[in-house]
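Trainee: Pasting a structure here, questions to come.
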Amino acid sequence: MDDKKFTTTSGLEIKELYTVARPSDERPGIFPFTRGIQKDMYRGRLWTMRQYAGFSTAEESNKRYHYLLNQGTMGLSVAFDLPTQIGYDSDHEMAEGEVGKVGVAIDSLKDMEILFDGIELKKITTSMTINATASILLAMYIALAKKQGADIKQISGTIQNDILKEYAARGTYIYPPKPSMRIITDIFEYCSKEVPKWNTISISGYHIREAGSTAVQELAFTLANGKAYLNAALEKGLDINVFAKRLSFFFNCHNNFFEEIAKFRAARRMWAHITKELGATDEKAQMLRFHTQTGGSTLTAQQPLNNVIRVSNQAMAAVLGGTQSLHTNGYDEALSLPTEAAAKIALRTQQIIAFESGVTDTVDPLAGSYFVENLTDEIEAAAQLYIDKIDAMGGSVQAIENGYIQDEIAGASYQYQVEVEEGSRVIVGVNKFTQQQEGITDVMNIDESIRLIQTEKLKKLKQERDNFVVETALNNLKKAAEGSENLMPYILDSVEAYATLGEIADTLRSVFGEY
């Protein structure tokens with residue numbers, strides 16, 4: 001037994017005993033923010049309990065949003081279906097079999113109006129998990145806020161808008177990397193002037209981890225992508241002290257409790273140094289603010305109630321790691337979209353941690369732990385090696401075009417699967433402590449008829465709108481795309497004329513092509 005090696009999921013060796021940590025007199029709320037970005041952290045304000053939801057039609061998702069708000073959720077987080085994510089209307093042949101399945105179908109501003117019916121946008125924050133079509137969905141949100149009479153300078157929320165990780169890990173891209181980066185920096189520029197409280201990008205490690213990366217890779221590739229966005233914005237002449245304040249991050253939280261906490265602490269410290277090196281002098285521009293979602297890929301279809309414990313463990317690690325916002329997964333998500341009952345348990349998990357566990361009473365409760373401090377340093381050092389390698393290639397865009405990041409993730413994913421199949425990595429209920437299935441009968445099913453409903457809505461919309469105004473707006477957008485003007489005002493004009501998501505994406509496809 002003596003020669004058994006204990007390691008984290010990233011392969012970092014865990015010693016039997018830790019006695020001395022690097023002496024740290026770092027304070028929370030002060031550079032490099034290892035211990036948290038606020039001096040008082042959750043004593044001053046809890047993280048935002050933001051439940052991710054969206055399925056079927058805008059009408060159905062609207063009911064779920066009202067339910068979640070009534071249960072005490074503090075912010076909404078919208079999941080879009082696959083056609084919406086890749087710029088196809090629900091009546092397009094490419095949308096067949098996918099409408100309303102993994103999120104809500106949004107074809108036009110009309111759907112956005114229904115989605116937020118009875119919800120005042122000026123009173124909530126909304127996060128939208130959308131990338132290739134982020135500019136269009138953001139324009140719809142802004143248009144709706146204007147229709148509701150809100151001051152758009154005051155509305156707040158986040159769009160994911162992180163296209164680099166789509167090429168690396170997830171696949172819902174439309175245009176080639178260079179025009180995609182142009183759209184993203186256009187959003188940065190537009191929002192810094194018109195919608196200054198909006199977080200214009202949520203640089204995502206979540207999907208990198210879901211694709212099979214280790215914790216260290218998730219951290220390294222996410223920060224390397226963040227660096228690429230900073231450089232793109234600097235090249236456009238934007239002020240890092242302004243736009244870097246509106247960047248946020250989106251991390252995964254997996255099962256290895258201490259590794260995840262150390263990962264979050266290392267992330268803050270590393271980002272503070274990255275932004276400082278690129279010229280940020282304002283502390284708010286050096287702070288890494290992040291949303292966390294518990295690990296979808298860790299959930300098992302076998303013995304699904306075990307997932308309640310997994311999610312609780314992961315949520316506690318995210319809170320001890322100092323997250324600003326948290327989504328907890330439903331226990332049934334390995335089987336279907338979460339039912340209302342599963343969504344409620346997931347939200348109650350956060351509320352119990354917040355109000356009953358006592359972990360929010362002091363800032364960074366695990367600081368000074370020999371183990372946690374050492375692990376934070378080791379994760380930082382291992383992630384930095386990756387970032388140095390990516391920098392040497394010319395940055396993330398090059399590393400993705402070379403296939404380097406994709407290959408590293410694939411290798412880690414393969415290794416993990418081998419360990420599960422050999423049994424050296426135990427997954428309770430899957431390769432150990434198995435039993436005859438306990439049935440969960442109540443799962444969410446999305447009906448194929450949703451496509452017909454959406455198609456009828458589109459037909460009606462096209463009959464009722466002023467098609468001349470739509471055509472003019474789309475022509476203006478095409479001309480802007482062929483030149484170098486900021487595209488956001490033209491996308492907003494098109495949305496307000498009730499051009500559909502697919503029509504706008506097709507206009508841009510005609511100029512930029514597809515990747």
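Residues in the structure tokens are named by chain (A, B, ... in the order shown) and by number from 1 within that chain; ligands are numbered from 1 in the order shown.
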Running DSSP on the backbone, which parts of segment 244-306 of chain A land in strand (DSSP E), as a list in words?

Mentor: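 Everything in segment 244-306 of chain A that counts as strand (DSSP E) is Leu247, Ser248, Phe249, Phe250, Phe251, Asn252, Cys253, Phe290, His291, Thr292, Gln293 and Thr294 of chain A.
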
Trainee: Can you pull out every residue within 10 Å of segment 191-194 of chain A, counting only C-alpha atoms, but drop anything in the same chain fewer than 3 positions away, and send it as a list in words?

Mentor: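 Close residues of segment 191-194 of chain A: Ile142, Ile152, Lys153, Gln154, Thr185, Asp186, Ile187, Phe188, Lys197, Trp198, Asn199, Thr200, Leu238, Asp239, Val242, Phe243, Lys245, Arg246 and Met488 of chain A.
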
Trainee: Show me a table, sorted first by chain and then by increasing residue number, of the residues of segment 91-201 of chain A having an atom at most 12 Å from segment 290-310 of chain A, each with its shortest atom pair and the distance in Å to one decimal, counting only C-alpha atoms and written as a tab-separated table.

Mentor:
```
residue	atom	partner	partner_atom	distance
A:Ser127	CA	A:His291	CA	9.8
A:Thr129	CA	A:His291	CA	11.8
A:Gly157	CA	A:His291	CA	11.8
A:Thr158	CA	A:His291	CA	10.2
A:Ile159	CA	A:His291	CA	11.9
A:Gln160	CA	A:His291	CA	10.7
A:Asn199	CA	A:Phe290	CA	10.9
A:Ile201	CA	A:Phe290	CA	11.0
```

Trainee: When DSSP is applied to the backbone of this structure, which of segment 456-492 of chain A are assigned helix (DSSP H, G or I)? Write them out as JSON, numbers by chain.

Mentor: {"A": [456, 457, 458, 459, 460, 461, 462, 463, 464, 467, 468, 469, 470, 471, 472, 473, 474, 475, 476, 477, 478, 479, 480, 481, 482, 488, 489, 490, 491, 492]}

Trainee: Determine, counting only C-alpha atoms, which protein, DNA and RNA residues have an atom within 7 Å of an atom of segment 381-387 of chain A; residues of the same chain fewer than 5 positions away are not included. Present the result as a ChimeraX atom specification.

Mentor: /A:216-217,219-220,224

Trainee: Could those selected residues go to a file with C-alpha atoms, as a PDB file, in the first residue's frame?

Mentor:
```
ATOM      1  CA  VAL A 216      -5.262  22.976 -14.532  1.00  0.00           C
ATOM      2  CA  GLN A 217      -6.089  22.934 -18.267  1.00  0.00           C
ATOM      3  CA  LEU A 219      -7.708  27.386 -15.753  1.00  0.00           C
ATOM      4  CA  ALA A 220      -4.855  27.801 -18.247  1.00  0.00           C
ATOM      5  CA  ALA A 224      -5.168  32.313 -22.248  1.00  0.00           C
TER       6      ALA A 224
END
```

Trainee: Using only C-alpha atoms, tabulate the residues of segment 62-161 of chain A lying at most 8 Å from any atom of segment 45-57 of chain A, each with its closest atom pair and that distance in Å to one decimal, by chain and increasing residue number, as a tab-separated table.

Mentor:
```
residue	atom	partner	partner_atom	distance
A:Arg64	CA	A:Ala53	CA	7.4
A:Tyr65	CA	A:Ala53	CA	7.5
A:Leu68	CA	A:Gln51	CA	7.6
A:Thr73	CA	A:Met49	CA	5.5
A:Met74	CA	A:Met49	CA	5.3
A:Gly75	CA	A:Arg50	CA	4.8
A:Leu76	CA	A:Arg50	CA	5.6
A:Ser77	CA	A:Tyr52	CA	4.5
A:Val78	CA	A:Ala53	CA	5.4
A:Ala79	CA	A:Gly54	CA	4.6
A:Phe80	CA	A:Gly54	CA	6.3
A:Asp81	CA	A:Phe55	CA	7.2
A:Val99	CA	A:Ser56	CA	7.2
A:Gly100	CA	A:Ser56	CA	3.8
A:Lys101	CA	A:Phe55	CA	6.2
A:Val102	CA	A:Phe55	CA	6.2
A:Gly103	CA	A:Phe55	CA	4.0
A:Val104	CA	A:Phe55	CA	4.1
A:Ala105	CA	A:Thr57	CA	5.8
A:Ile106	CA	A:Thr57	CA	7.9
```

Trainee: Those residues with C-alpha atoms, as a PDB file, in the first residue's frame please?

Mentor:
```
ATOM      1  CA  ARG A  64     -40.260  28.533 -15.293  1.00  0.00           C
ATOM      2  CA  TYR A  65     -38.662  31.983 -14.753  1.00  0.00           C
ATOM      3  CA  LEU A  68     -37.764  30.367  -9.984  1.00  0.00           C
ATOM      4  CA  THR A  73     -33.620  32.945  -7.260  1.00  0.00           C
ATOM      5  CA  MET A  74     -31.837  36.293  -7.576  1.00  0.00           C
ATOM      6  CA  GLY A  75     -30.975  36.372 -11.286  1.00  0.00           C
ATOM      7  CA  LEU A  76     -32.053  34.616 -14.448  1.00  0.00           C
ATOM      8  CA  SER A  77     -29.809  32.605 -16.723  1.00  0.00           C
ATOM      9  CA  VAL A  78     -31.116  31.761 -20.176  1.00  0.00           C
ATOM     10  CA  ALA A  79     -30.381  28.542 -22.062  1.00  0.00           C
ATOM     11  CA  PHE A  80     -31.033  28.728 -25.820  1.00  0.00           C
ATOM     12  CA  ASP A  81     -31.776  25.835 -28.159  1.00  0.00           C
ATOM     13  CA  VAL A  99     -36.163  23.156 -31.684  1.00  0.00           C
ATOM     14  CA  GLY A 100     -36.648  23.866 -27.970  1.00  0.00           C
ATOM     15  CA  LYS A 101     -34.611  20.811 -26.927  1.00  0.00           C
ATOM     16  CA  VAL A 102     -31.561  22.040 -25.000  1.00  0.00           C
ATOM     17  CA  GLY A 103     -32.922  25.519 -24.415  1.00  0.00           C
ATOM     18  CA  VAL A 104     -35.563  27.981 -25.516  1.00  0.00           C
ATOM     19  CA  ALA A 105     -36.201  28.779 -29.192  1.00  0.00           C
ATOM     20  CA  ILE A 106     -35.798  32.517 -29.911  1.00  0.00           C
TER      21      ILE A 106
END
```

Trainee: Which residue gives the smallest distance to Arg27 of chain A among A:Arg170, A:Arg269, A:Lys165, A:Lys63, with only C-alpha atoms counted?

Mentor: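 Between A:Arg170, A:Arg269, A:Lys165, A:Lys63, the residue approaching Arg27 of chain A most closely is A:Arg269.
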
Trainee: Counting only C-alpha atoms, which of A:Asn225, A:Ser156, A:Asn161, A:Gln406 gets nearest to Ser135 of chain A?

Mentor: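 The closest residue to Ser135 of chain A is A:Asn161.
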